[in-house]
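The next block is input_1.pdb, given as PDB, C-alpha atoms.
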ATOM      1  CA  MET C  26      21.252  30.386 -58.682
ATOM      2  CA  THR C  27      22.486  31.255 -55.252
ATOM      3  CA  GLY C  28      19.758  33.923 -55.154
ATOM      4  CA  LEU C  29      17.871  36.314 -57.412
ATOM      5  CA  ASP C  30      20.335  39.192 -57.744
ATOM      6  CA  PRO C  31      22.293  38.780 -61.003
ATOM      7  CA  VAL C  32      25.078  41.043 -59.736
ATOM      8  CA  ARG C  33      25.679  39.501 -56.304
ATOM      9  CA  ASP C  34      24.466  35.949 -56.965
ATOM     10  CA  ARG C  35      25.846  33.247 -59.242
ATOM     11  CA  ILE C  36      24.543  30.465 -61.437
ATOM     12  CA  LEU C  37      24.941  27.097 -59.676
ATOM     13  CA  GLU C  38      23.580  24.704 -62.255
ATOM     14  CA  VAL C  39      22.260  24.912 -65.760
ATOM     15  CA  GLY C  40      19.903  22.722 -67.702
ATOM     16  CA  ALA C  41      18.558  22.871 -71.226
ATOM     17  CA  ILE C  42      16.073  20.699 -73.069
ATOM     18  CA  VAL C  43      15.633  21.184 -76.803
ATOM     19  CA  THR C  44      12.139  20.302 -78.024
ATOM     20  CA  ASP C  45      10.263  20.379 -81.277
ATOM     21  CA  TRP C  46       7.141  22.549 -81.541
ATOM     22  CA  ASN C  47       5.047  19.667 -80.132
ATOM     23  CA  LEU C  48       7.262  19.773 -77.023
ATOM     24  CA  ASN C  49       8.834  16.398 -77.734
ATOM     25  CA  GLU C  50      12.348  16.211 -76.358
ATOM     26  CA  ILE C  51      15.189  16.184 -78.874
ATOM     27  CA  ALA C  52      18.239  16.682 -76.655
ATOM     28  CA  ARG C  53      19.236  17.732 -73.152
ATOM     29  CA  PHE C  54      22.205  19.342 -71.447
ATOM     30  CA  SER C  55      23.103  19.854 -67.811
ATOM     31  CA  ALA C  56      26.156  21.125 -65.959
ATOM     32  CA  THR C  57      27.244  22.334 -62.557
ATOM     33  CA  VAL C  58      28.955  25.701 -62.229
ATOM     34  CA  LYS C  59      31.729  26.058 -59.667
ATOM     35  CA  VAL C  60      30.906  28.785 -57.176
ATOM     36  CA  SER C  61      32.989  29.801 -54.186
ATOM     37  CA  LEU C  62      31.640  27.913 -51.178
ATOM     38  CA  ARG C  63      32.032  31.059 -49.110
ATOM     39  CA  LEU C  64      29.924  33.103 -51.552
ATOM     40  CA  ALA C  65      27.319  30.352 -51.877
ATOM     41  CA  LYS C  66      26.895  30.013 -48.110
ATOM     42  CA  ARG C  67      26.718  33.799 -47.688
ATOM     43  CA  ARG C  68      24.078  34.224 -50.418
ATOM     44  CA  MET C  69      21.983  31.083 -49.839
ATOM     45  CA  THR C  70      20.282  32.356 -46.687
ATOM     46  CA  GLY C  71      16.833  33.569 -45.773
ATOM     47  CA  ASP C  72      13.383  32.031 -45.656
ATOM     48  CA  PHE C  73      13.476  30.478 -49.135
ATOM     49  CA  TRP C  74      16.721  28.612 -48.508
ATOM     50  CA  GLU C  75      15.690  27.610 -44.985
ATOM     51  CA  GLU C  76      12.480  26.107 -46.371
ATOM     52  CA  ASN C  77      14.539  24.377 -49.069
ATOM     53  CA  ALA C  78      17.550  23.386 -46.982
ATOM     54  CA  LYS C  79      17.734  19.900 -48.526
ATOM     55  CA  VAL C  80      17.983  21.365 -52.035
ATOM     56  CA  ARG C  81      20.548  23.921 -50.852
ATOM     57  CA  ASP C  82      22.707  21.248 -49.286
ATOM     58  CA  GLU C  83      22.478  19.045 -52.413
ATOM     59  CA  LEU C  84      23.507  21.996 -54.581
ATOM     60  CA  LEU C  85      26.459  22.797 -52.337
ATOM     61  CA  ARG C  86      27.648  19.159 -52.401
ATOM     62  CA  GLN C  87      27.217  19.004 -56.171
ATOM     63  CA  ASN C  88      29.075  22.292 -56.564
ATOM     64  CA  SER C  89      32.092  21.071 -54.599
ATOM     65  CA  LYS C  90      32.260  17.694 -56.400
ATOM     66  CA  LYS C  91      31.273  18.442 -60.021
ATOM     67  CA  GLY C  92      31.500  22.193 -60.426
ATOM     68  CA  GLU C  93      33.215  23.591 -63.514
ATOM     69  CA  ASP C  94      34.368  27.110 -64.320
ATOM     70  CA  ALA C  95      31.440  29.271 -65.488
ATOM     71  CA  GLN C  96      33.124  30.139 -68.800
ATOM     72  CA  LYS C  97      33.765  26.440 -69.487
ATOM     73  CA  VAL C  98      30.103  25.674 -68.847
ATOM     74  CA  GLU C  99      29.081  28.496 -71.184
ATOM     75  CA  GLU C 100      31.366  27.047 -73.895
ATOM     76  CA  LYS C 101      29.862  23.575 -73.455
ATOM     77  CA  LEU C 102      26.350  24.981 -73.584
ATOM     78  CA  LEU C 103      27.171  26.884 -76.776
ATOM     79  CA  GLU C 104      28.551  23.659 -78.325
ATOM     80  CA  PHE C 105      25.317  21.909 -77.373
ATOM     81  CA  LEU C 106      23.260  24.676 -78.992
ATOM     82  CA  ASN C 107      25.401  24.601 -82.134
ATOM     83  CA  LYS C 108      24.671  20.867 -82.475
ATOM     84  CA  ASN C 109      20.929  21.283 -82.005
ATOM     85  CA  PHE C 110      20.046  24.566 -83.704
ATOM     86  CA  VAL C 111      20.588  26.036 -87.122
ATOM     87  CA  ARG C 112      23.474  28.508 -87.076
ATOM     88  CA  ASN C 113      21.987  32.021 -86.704
ATOM     89  CA  GLY C 114      18.526  30.488 -86.281
ATOM     90  CA  PRO C 115      16.313  31.562 -83.395
ATOM     91  CA  ILE C 116      16.858  30.037 -79.967
ATOM     92  CA  TYR C 117      13.990  30.873 -77.635
ATOM     93  CA  LEU C 118      14.516  30.824 -73.903
ATOM     94  CA  ALA C 119      11.467  29.085 -72.450
ATOM     95  CA  GLY C 120      10.206  28.046 -69.035
ATOM     96  CA  ASN C 121       8.744  29.579 -65.906
ATOM     97  CA  SER C 122       9.878  33.113 -65.048
ATOM     98  CA  VAL C 123      12.602  32.997 -67.699
ATOM     99  CA  HIS C 124      13.053  36.761 -67.481
ATOM    100  CA  GLN C 125      14.989  36.059 -64.274
ATOM    101  CA  ASP C 126      17.201  33.494 -66.020
ATOM    102  CA  GLN C 127      17.763  36.013 -68.816
ATOM    103  CA  LYS C 128      19.142  38.558 -66.335
ATOM    104  CA  PHE C 129      21.789  36.063 -65.194
ATOM    105  CA  ILE C 130      22.613  35.047 -68.757
ATOM    106  CA  GLU C 131      23.049  38.697 -69.765
ATOM    107  CA  ARG C 132      25.352  39.300 -66.803
ATOM    108  CA  TRP C 133      27.459  36.127 -66.757
ATOM    109  CA  TRP C 134      27.233  34.518 -70.204
ATOM    110  CA  PRO C 135      27.286  37.230 -72.889
ATOM    111  CA  GLN C 136      28.121  34.811 -75.727
ATOM    112  CA  LEU C 137      25.110  32.680 -74.855
ATOM    113  CA  ASN C 138      22.996  35.802 -74.529
ATOM    114  CA  SER C 139      23.952  36.866 -78.053
ATOM    115  CA  ARG C 140      22.624  33.529 -79.393
ATOM    116  CA  LEU C 141      19.214  33.863 -77.744
ATOM    117  CA  HIS C 142      16.275  35.400 -79.559
ATOM    118  CA  TYR C 143      14.829  38.521 -77.960
ATOM    119  CA  ARG C 144      11.465  36.764 -77.631
ATOM    120  CA  GLN C 145      10.864  34.325 -74.790
ATOM    121  CA  LEU C 146       8.237  31.728 -74.076
ATOM    122  CA  ASP C 147       7.364  32.391 -70.450
ATOM    123  CA  VAL C 148       5.130  29.644 -69.075
ATOM    124  CA  SER C 149       4.362  31.860 -66.073
ATOM    125  CA  SER C 150       2.356  34.129 -68.390
ATOM    126  CA  TRP C 151       0.261  31.151 -69.425
ATOM    127  CA  LYS C 152      -0.195  30.272 -65.751
ATOM    128  CA  ILE C 153      -1.639  33.721 -64.997
ATOM    129  CA  ILE C 154      -4.134  33.529 -67.850
ATOM    130  CA  MET C 155      -5.159  29.923 -67.247
ATOM    131  CA  GLU C 156      -5.642  30.364 -63.503
ATOM    132  CA  GLN C 157      -8.001  33.279 -64.222
ATOM    133  CA  GLN C 158     -10.007  30.801 -66.313
ATOM    134  CA  GLY C 159     -10.135  28.340 -63.410
ATOM    135  CA  VAL C 160      -7.468  26.025 -64.834
ATOM    136  CA  LYS C 161      -4.739  25.155 -62.358
ATOM    137  CA  PHE C 162      -1.581  23.112 -62.886
ATOM    138  CA  ILE C 163       0.271  21.919 -59.808
ATOM    139  CA  LYS C 164       3.943  21.786 -60.667
ATOM    140  CA  PRO C 165       6.332  20.131 -58.236
ATOM    141  CA  GLU C 166       8.725  22.755 -56.914
ATOM    142  CA  GLN C 167      12.030  20.891 -56.923
ATOM    143  CA  HIS C 168      14.164  24.015 -57.432
ATOM    144  CA  ARG C 169      16.668  22.064 -59.524
ATOM    145  CA  ALA C 170      17.467  23.017 -63.110
ATOM    146  CA  MET C 171      16.356  19.887 -64.977
ATOM    147  CA  ASP C 172      13.373  19.218 -62.712
ATOM    148  CA  ASP C 173      12.133  22.767 -63.207
ATOM    149  CA  ILE C 174      12.537  22.544 -66.989
ATOM    150  CA  GLU C 175      10.733  19.206 -67.169
ATOM    151  CA  GLY C 176       7.961  20.664 -65.018
ATOM    152  CA  SER C 177       7.633  23.712 -67.274
ATOM    153  CA  ILE C 178       7.328  21.497 -70.359
ATOM    154  CA  GLU C 179       4.627  19.404 -68.678
ATOM    155  CA  GLU C 180       2.819  22.548 -67.573
ATOM    156  CA  LEU C 181       2.795  23.998 -71.086
ATOM    157  CA  LYS C 182       1.575  20.667 -72.518
ATOM    158  CA  PHE C 183      -1.233  20.712 -69.933
ATOM    159  CA  TYR C 184      -2.321  24.211 -70.969
ATOM    160  CA  LEU C 185      -2.131  23.421 -74.670
ATOM    161  CA  LYS C 186      -4.408  20.382 -74.187
ATOM    162  CA  ARG C 187      -6.930  22.598 -72.414
ATOM    163  CA  ILE C 188      -6.849  25.139 -75.231
ATOM    164  CA  LYS C 189      -7.272  22.468 -77.926
ATOM    165  CA  LYS C 190     -10.514  21.321 -76.249
TER
END
Here is a file; write its structure as structure tokens.
Amino acid sequence: MTGLDPVRDRILEVGAIVTDWNLNEIARFSATVKVSLRLAKRRMTGDFWEENAKVRDELLRQNSKKGEDAQKVEEKLLEFLNKNFVRNGPIYLAGNSVHQDQKFIERWWPQLNSRLHYRQLDVSSWKIIMEQQGVKFIKPEQHRAMDDIEGSIEELKFYLKRIKK
């Protein structure tokens, strides 16, 4: 996203990895959403984006070269979900701080939002609990859709191994 405000900011890229309940990958999807360069540059400011200038610049280049209309990306994502989930079956949004992603989905992709189950699997909640038990997972902070998803899956696998002991 260009920032954290679902009203003023926009989705820049989307990634999805479908897994089984053992967190083995079944399928993946990624796309770039076209965002006005003017809006992106106006919103992608401040300390976070200055510290992550390389990521910001990569996202802006990707946006100008590969970006597709947001509604088209939503349609493609829905097609992907239809191929990988039972019609009317639950689709759980999972990852780190997914409540923030949910806000953007609610605002910009209502059809996708209607397909998602009301329950989420927020890995950040696991992080809070595990760190209080002295268990720490160091996840690379790439700030790119697929990298963040892959990192969240690895983090959850790490916690599950600890619990199984």
Query raised in the report: With all atoms listed in the file as the basis for distance, which of C:Arg140, C:Gln87, C:Pro135, C:Ile130 is at the shortest distance from C:Glu104?
Result: C:Arg140
Query raised in the report: Care to translate the PyMOL selection byres ((chain C and resi 176) around 10) into actual residues of this file, as a list in words?
Result: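 Matching residues under the PyMOL selection byres ((chain C and resi 176) around 10) are Gly120, Asn121, Ile163, Lys164, Pro165, Glu166, Gln167, Ala170, Met171, Asp172, Asp173, Ile174, Glu175, Ser177, Ile178, Glu179, Glu180, Leu181 and Lys182 of chain C.
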Report task. Please write as number ranges by chain the list of polymer residues whose atoms come within 12 Å of (33.4, 19.4, -57.0), counting all atoms listed in the file and keeping to the coordinates of the file. Result -> C: 37, 56-62, 83-94
Query raised in the report: Rounded to one decimal in Å, what is the spacing between atom CA of C:Gly114 and atom CA of C:Phe183?
Result: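 Taking atom CA of C:Gly114 as the start and atom CA of C:Phe183 as the end point, the length is 27.4 Å.
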Edge lengths and centre, in Å to one decimal, as lines of an AutoDock Vina configuration file: that's what I need for the box along x, y and z that holds all listed atoms of stretch 90-97 of chain C plus 3 Å on each side.
center_x = 32.8
center_y = 23.9
center_z = -62.9
size_x = 9.1
size_y = 18.4
size_z = 19.1
**Report entry** Using only C-alpha atoms: which of C:Ile42, C:Val123, C:Leu118, C:Met155 has the shortest distance to C:Leu141
**Finding:**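 Result for the nearest residue to C:Leu141: C:Leu118.
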Requested in this report: Measure the distance from atom CA of C:Leu146 to atom CA of C:Tyr117 in Å and round it to one decimal.
Outcome: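 Computing it gives 6.8 Å between the two atoms.
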Report task. Apply the PyMOL selection byres ((chain C and resi 127) around 10) to the file shown and report the selected residues as a list of chain:residue names. Result ->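 Applied to this file, the PyMOL selection byres ((chain C and resi 127) around 10) returns C:Pro31, C:Leu118, C:Ser122, C:Val123, C:His124, C:Gln125, C:Asp126, C:Lys128, C:Phe129, C:Ile130, C:Glu131, C:Arg132, C:Trp133, C:Trp134, C:Asn138, C:Leu141, C:Tyr143, C:Gln145.
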Query - Distance in Å - atom CA of C:Ala119 versus atom CA of C:Lys189 - result: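 About the pair atom CA of C:Ala119 and atom CA of C:Lys189: they are 20.6 Å apart.
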Query raised in the report: Which residues come within 12 Å of C:Val160, counting only C-alpha atoms, excluding same-chain residues fewer than 2 positions away, as a PyMOL selection string?
Result: chain C and resi 151-158+162-163+180+183-188
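Take the candidates C:Ser150, C:Asn77, C:Asn107, C:Ser55 and check each one against C:Leu137 using all atoms listed in the file; the shortest distance goes to C:Asn107.
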Report task. Take the PyMOL selection byres ((chain C and resi 69) around 9), apply it to the structure above, and return the hits as number ranges by chain. Result -> C: 26-28, 34, 64-68, 70-71, 73-75, 81
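Nearest-residue note for C:Leu102: choosing from C:Arg53, C:Arg33, C:Lys190, C:Lys161, the minimum distance belongs to C:Arg53, counting all atoms listed in the file.
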**Report entry** Pick from C:Val43, C:Val111, C:Leu103, C:Ala52, whichever lies nearest to C:Ser139 using all atoms listed in the file
**Finding:**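 When distances to C:Ser139 are compared using all atoms listed in the file, the smallest one comes from C:Leu103.
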Test item: write stretch 68-101 of chain C with N, CA and C atoms as a short mmCIF file (atom, residue, chain, number, x, y, z; two decimals), in the first residue's frame:
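File out.cif, as written:
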data_model
loop_
_atom_site.label_atom_id
_atom_site.label_comp_id
_atom_site.auth_asym_id
_atom_site.auth_seq_id
_atom_site.Cartn_x
_atom_site.Cartn_y
_atom_site.Cartn_z
N ARG C 68 1.79 10.22 -1.25
CA ARG C 68 1.49 9.42 -0.06
C ARG C 68 2.70 8.66 0.48
N MET C 69 3.65 8.33 -0.38
CA MET C 69 4.79 7.50 0.04
C MET C 69 5.93 8.38 0.55
N THR C 70 5.63 9.11 1.64
CA THR C 70 6.60 10.00 2.26
C THR C 70 6.70 9.68 3.74
N GLY C 71 7.59 10.31 4.41
CA GLY C 71 7.75 10.11 5.84
C GLY C 71 8.89 9.16 6.16
N ASP C 72 9.10 8.96 7.45
CA ASP C 72 10.23 8.17 7.93
C ASP C 72 10.25 6.75 7.37
N PHE C 73 9.09 6.07 7.39
CA PHE C 73 9.05 4.70 6.91
C PHE C 73 9.55 4.61 5.48
N TRP C 74 9.01 5.46 4.60
CA TRP C 74 9.38 5.38 3.19
C TRP C 74 10.80 5.90 2.95
N GLU C 75 11.29 6.80 3.78
CA GLU C 75 12.68 7.24 3.63
C GLU C 75 13.63 6.10 4.01
N GLU C 76 13.28 5.37 5.07
CA GLU C 76 14.10 4.23 5.49
C GLU C 76 14.02 3.09 4.48
N ASN C 77 12.95 3.04 3.71
CA ASN C 77 12.74 1.98 2.74
C ASN C 77 12.65 2.55 1.32
N ALA C 78 13.53 3.48 1.03
CA ALA C 78 13.50 4.17 -0.27
C ALA C 78 13.70 3.21 -1.43
N LYS C 79 14.54 2.20 -1.26
CA LYS C 79 14.78 1.23 -2.34
C LYS C 79 13.48 0.49 -2.69
N VAL C 80 12.78 0.04 -1.67
CA VAL C 80 11.50 -0.65 -1.88
C VAL C 80 10.51 0.29 -2.55
N ARG C 81 10.42 1.52 -2.05
CA ARG C 81 9.51 2.51 -2.63
C ARG C 81 9.79 2.70 -4.11
N ASP C 82 11.05 2.88 -4.44
CA ASP C 82 11.41 3.12 -5.84
C ASP C 82 11.11 1.91 -6.72
N GLU C 83 11.34 0.70 -6.18
CA GLU C 83 11.01 -0.53 -6.92
C GLU C 83 9.50 -0.61 -7.16
N LEU C 84 8.72 -0.29 -6.14
CA LEU C 84 7.27 -0.33 -6.28
C LEU C 84 6.78 0.69 -7.30
N LEU C 85 7.36 1.86 -7.30
CA LEU C 85 6.95 2.89 -8.26
C LEU C 85 7.31 2.47 -9.70
N ARG C 86 8.49 1.88 -9.89
CA ARG C 86 8.86 1.38 -11.22
C ARG C 86 7.92 0.27 -11.67
N GLN C 87 7.67 -0.66 -10.76
CA GLN C 87 6.78 -1.78 -11.06
C GLN C 87 5.39 -1.27 -11.41
N ASN C 88 4.92 -0.30 -10.66
CA ASN C 88 3.59 0.27 -10.87
C ASN C 88 3.48 0.87 -12.28
N SER C 89 4.50 1.60 -12.70
CA SER C 89 4.42 2.25 -14.01
C SER C 89 4.56 1.26 -15.16
N LYS C 90 5.26 0.14 -14.94
CA LYS C 90 5.48 -0.83 -16.02
C LYS C 90 4.40 -1.92 -16.09
N LYS C 91 3.98 -2.44 -14.94
CA LYS C 91 3.11 -3.62 -14.90
C LYS C 91 1.73 -3.37 -14.31
N GLY C 92 1.49 -2.18 -13.83
CA GLY C 92 0.26 -1.92 -13.09
C GLY C 92 -1.00 -2.13 -13.91
N GLU C 93 -1.99 -2.75 -13.28
CA GLU C 93 -3.30 -2.99 -13.89
C GLU C 93 -4.37 -2.29 -13.05
N ASP C 94 -5.48 -1.99 -13.67
CA ASP C 94 -6.62 -1.38 -12.99
C ASP C 94 -6.99 -2.21 -11.77
N ALA C 95 -7.31 -1.54 -10.67
CA ALA C 95 -7.62 -2.23 -9.40
C ALA C 95 -8.77 -3.21 -9.55
N GLN C 96 -9.81 -2.85 -10.30
CA GLN C 96 -10.95 -3.75 -10.46
C GLN C 96 -10.56 -5.00 -11.26
N LYS C 97 -9.66 -4.83 -12.23
CA LYS C 97 -9.17 -5.97 -13.01
C LYS C 97 -8.38 -6.91 -12.12
N VAL C 98 -7.56 -6.35 -11.24
CA VAL C 98 -6.78 -7.17 -10.31
C VAL C 98 -7.72 -7.92 -9.37
N GLU C 99 -8.76 -7.23 -8.88
CA GLU C 99 -9.72 -7.90 -8.01
C GLU C 99 -10.38 -9.07 -8.75
N GLU C 100 -10.76 -8.86 -10.00
CA GLU C 100 -11.37 -9.94 -10.80
C GLU C 100 -10.42 -11.13 -10.94
N LYS C 101 -9.16 -10.86 -11.24
CA LYS C 101 -8.18 -11.93 -11.38
C LYS C 101 -7.97 -12.68 -10.07
#
